[in-house]
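Reviewing the structure listed below.
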Amino acid sequence: MNRHPNWIQVEFIKGSRTFANSCWACILVCGATGFLLVGLSSCIGQELTPLSYKQIAFIPQGLVMCFYGLAGLFLGLYLLCTILWDVGSGYNYFDRREGCSSIFRWGFPGKNRRIHIQLLLRDIEAIGLKNQEGFFPNRILYLKVRGQRSIPLTRIGENSTSEYMEKKAAELARFLRVSIEGF
């Protein structure tokens with residue numbers, strides 16, 4: 001339910017804190033830990049896992065398993081950190097009464113962690129919809145701003161139907177009183 005007045009529109013954007021990302025992070029960390037333990041077992045000659053290491057020679061199989069285990073751990077920990085920091089989450093705020101808009105996203109920690117773009121509504125030329133079909137369909141809703149690059153409004157990798165994105169683009173264009181491009 002929208003509790004904002006008719007001249008304000010706020011949309012919250014979900015970041016990397018999703019169920020799918022959490023599952024992939026757990027699978028990566030667990031699998032990589034198994035690879036690393038089997039590789040280390042073949043190196044030191046002691047069983048660190050319930051699996052038998054005796055059929056695996058340290059060079060080259062154990063060394064390769066250690067390498068894949070470390071690589072998988074780094075990837076899994078990277079994914080866990082993006083989930084913890086909720087990278088990509090934020091909001092789109094549009095206020096017709098004040099004539100301003102604000103696009104906010106959380107990034108990676110550092111001096112540019114807070115990504116905050118403020119625009120005047122009169123500088124927004126159109127709402128764009130990039131629709132790419134195929135094996136991995138990609139649909140992105142963006143603001144076309146006068147004299148600047150286009151600003152994406154939706155999360156990259158958001159699996160929305162083209163009908164939903166068209167409806168969303170039409171509602172926002174009607175609210176901002178601008179045209180729609182990209183159909």
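For the structure tokens, the naming scheme is as follows: chains receive sequential letters (A, B, ...) according to their order of presentation, residues are indexed from 1 within each chain, and ligands are indexed from 1 in presentation order.
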query: Among stretch 12-176 of chain A, which ones does DSSP place in alpha helix (DSSP H), written as JSON, numbers by chain?
result: {"A": [19, 20, 21, 22, 23, 24, 25, 26, 27, 28, 29, 30, 31, 32, 33, 34, 35, 36, 37, 38, 39, 40, 41, 42, 43, 44, 63, 64, 65, 66, 67, 68, 69, 70, 71, 72, 73, 74, 75, 76, 77, 78, 79, 80, 81, 82, 83, 84, 85, 162, 163, 164, 165, 166, 167, 168, 169, 170, 171, 172, 173, 174, 175, 176]}
For A:Lys144: contacts at 8 Å, only C-alpha atoms, fewer than 5 positions along chain excluded, given as a PyMOL selection string: chain A and resi 124-128+149-151
Since we have the selection now, will you write its residues out, keeping N, CA, C and O atoms, as a PDB file, in the first residue's frame?
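For reference, out-v2.pdb as written:
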```pdb
ATOM      1  N   ILE A 124      14.896  15.203 -16.826  1.00  0.00           N
ATOM      2  CA  ILE A 124      14.588  13.842 -17.283  1.00  0.00           C
ATOM      3  C   ILE A 124      13.832  13.946 -18.601  1.00  0.00           C
ATOM      4  O   ILE A 124      12.761  14.528 -18.670  1.00  0.00           O
ATOM      5  N   GLU A 125      14.433  13.384 -19.655  1.00  0.00           N
ATOM      6  CA  GLU A 125      13.827  13.460 -20.985  1.00  0.00           C
ATOM      7  C   GLU A 125      12.834  12.331 -21.234  1.00  0.00           C
ATOM      8  O   GLU A 125      11.804  12.538 -21.863  1.00  0.00           O
ATOM      9  N   ALA A 126      13.171  11.125 -20.762  1.00  0.00           N
ATOM     10  CA  ALA A 126      12.314   9.971 -21.059  1.00  0.00           C
ATOM     11  C   ALA A 126      12.636   8.823 -20.111  1.00  0.00           C
ATOM     12  O   ALA A 126      13.658   8.828 -19.426  1.00  0.00           O
ATOM     13  N   ILE A 127      11.741   7.852 -20.113  1.00  0.00           N
ATOM     14  CA  ILE A 127      11.967   6.579 -19.434  1.00  0.00           C
ATOM     15  C   ILE A 127      12.321   5.582 -20.526  1.00  0.00           C
ATOM     16  O   ILE A 127      11.607   5.455 -21.520  1.00  0.00           O
ATOM     17  N   GLY A 128      13.437   4.902 -20.370  1.00  0.00           N
ATOM     18  CA  GLY A 128      13.876   3.937 -21.369  1.00  0.00           C
ATOM     19  C   GLY A 128      13.662   2.520 -20.892  1.00  0.00           C
ATOM     20  O   GLY A 128      13.709   2.230 -19.697  1.00  0.00           O
ATOM     21  N   ARG A 149      24.629  10.482 -18.989  1.00  0.00           N
ATOM     22  CA  ARG A 149      24.405   9.083 -19.342  1.00  0.00           C
ATOM     23  C   ARG A 149      23.071   8.617 -18.768  1.00  0.00           C
ATOM     24  O   ARG A 149      22.555   9.196 -17.816  1.00  0.00           O
ATOM     25  N   SER A 150      22.558   7.547 -19.334  1.00  0.00           N
ATOM     26  CA  SER A 150      21.317   6.966 -18.823  1.00  0.00           C
ATOM     27  C   SER A 150      21.578   6.327 -17.464  1.00  0.00           C
ATOM     28  O   SER A 150      22.638   5.753 -17.222  1.00  0.00           O
ATOM     29  N   ILE A 151      20.598   6.414 -16.575  1.00  0.00           N
ATOM     30  CA  ILE A 151      20.730   5.900 -15.217  1.00  0.00           C
ATOM     31  C   ILE A 151      19.788   4.711 -15.052  1.00  0.00           C
ATOM     32  O   ILE A 151      18.570   4.871 -15.178  1.00  0.00           O
TER      33      ILE A 151
END
```
- request: Determine the nearest neighbour of A:Trp24 from the options A:Leu37, A:Cys43, A:Glu11, A:Gly76, counting only C-alpha atoms.
  value: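 Looking only at the distances to A:Trp24, the closest residue turns out to be A:Gly76.
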message: Give me, as a list in words, all polymer residues having an atom no more than 12 Å from A:Gln9, counting only C-alpha atoms and skipping those fewer than 4 positions away in the same chain.
response: Met1, Asn2, Arg3, His4, Pro5, Tyr91, Asn92, Tyr93, Phe94, Asp95, Arg96, Arg97, Gly99, Cys100, Ser101, Ser102, Ile103, Glu171, Leu172, Ala173, Arg174, Phe175 and Leu176 of chain A
- prompt: Using only C-alpha atoms, which residues sit within 12 Å of A:Gln132 once same-chain residues fewer than 3 positions away are excluded, as a ChimeraX atom specification?
  reply: /A:129,135-141,157,159-162,182-183
task: Name the closest residue to A:Asp86 among the candidates A:Phe74, A:Tyr142, A:Phe67, A:Trp106; distances are taken between atoms, counting only C-alpha atoms.
output: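 Nearest candidate to A:Asp86 out of A:Phe74, A:Tyr142, A:Phe67, A:Trp106: A:Trp106.
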field: Surrounding residues of stretch 57-64 of chain A excluding itself and chain neighbours under 5 positions, 10 Å, only C-alpha atoms, as an NGL selection string
entry: :A and (35-45 or 69-70)
Produce a file of the selected residues containing N, CA, C and O atoms, as a compact mmCIF listing (two decimals), in the first residue's frame.
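Output file selection.txt follows:
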```
# COMPACT_ATOMS: atom_id res chain seq x y z
N PHE A 35 37.12 -29.59 -1.21
CA PHE A 35 38.25 -29.71 -2.13
C PHE A 35 39.57 -29.41 -1.41
O PHE A 35 40.55 -30.13 -1.57
N LEU A 36 39.57 -28.35 -0.63
CA LEU A 36 40.79 -27.94 0.07
C LEU A 36 41.22 -29.00 1.09
O LEU A 36 42.41 -29.33 1.19
N LEU A 37 40.27 -29.55 1.84
CA LEU A 37 40.60 -30.56 2.83
C LEU A 37 41.13 -31.84 2.20
O LEU A 37 42.08 -32.45 2.71
N VAL A 38 40.55 -32.27 1.09
CA VAL A 38 41.05 -33.48 0.41
C VAL A 38 42.45 -33.21 -0.15
O VAL A 38 43.34 -34.06 -0.05
N GLY A 39 42.67 -32.03 -0.71
CA GLY A 39 44.01 -31.70 -1.22
C GLY A 39 45.04 -31.65 -0.11
O GLY A 39 46.16 -32.15 -0.26
N LEU A 40 44.67 -31.06 1.04
CA LEU A 40 45.59 -31.00 2.17
C LEU A 40 45.82 -32.38 2.77
O LEU A 40 46.93 -32.69 3.22
N SER A 41 44.80 -33.23 2.77
CA SER A 41 44.95 -34.60 3.27
C SER A 41 45.98 -35.35 2.45
O SER A 41 46.82 -36.09 3.00
N SER A 42 45.95 -35.17 1.13
CA SER A 42 46.93 -35.85 0.28
C SER A 42 48.34 -35.28 0.49
O SER A 42 49.31 -35.99 0.28
N CYS A 43 48.42 -34.05 0.94
CA CYS A 43 49.73 -33.43 1.17
C CYS A 43 50.35 -33.90 2.48
O CYS A 43 51.51 -34.31 2.52
N ILE A 44 49.59 -33.87 3.59
CA ILE A 44 50.16 -34.17 4.91
C ILE A 44 50.06 -35.65 5.27
O ILE A 44 50.68 -36.09 6.22
N GLY A 45 49.27 -36.40 4.55
CA GLY A 45 49.16 -37.83 4.79
C GLY A 45 48.23 -38.21 5.92
O GLY A 45 48.30 -39.33 6.42
N GLY A 69 40.05 -25.43 -4.30
CA GLY A 69 39.46 -25.17 -2.99
C GLY A 69 39.67 -23.73 -2.55
O GLY A 69 38.75 -23.07 -2.07
N LEU A 70 40.89 -23.22 -2.72
CA LEU A 70 41.16 -21.82 -2.36
C LEU A 70 40.39 -20.86 -3.25
O LEU A 70 39.83 -19.87 -2.77
```
- request: Run DSSP on the backbone and grab whatever in chain A lands in strand (DSSP E); send it over as a ChimeraX atom specification.
  value: /A:8-13,90-95,100-106,114-120,124-132,138-145,151-152,179-181
query: Between A:Gly110, A:Cys26, A:Glu47, A:Leu153, which is the closest to A:Lys130 once you count only C-alpha atoms?
result: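 With only C-alpha atoms as the atom set, the closest residue is A:Leu153.
The interatomic distance for the pair atom CA of A:Phe108 and atom CA of A:Ile83 works out to 10.6 Å.
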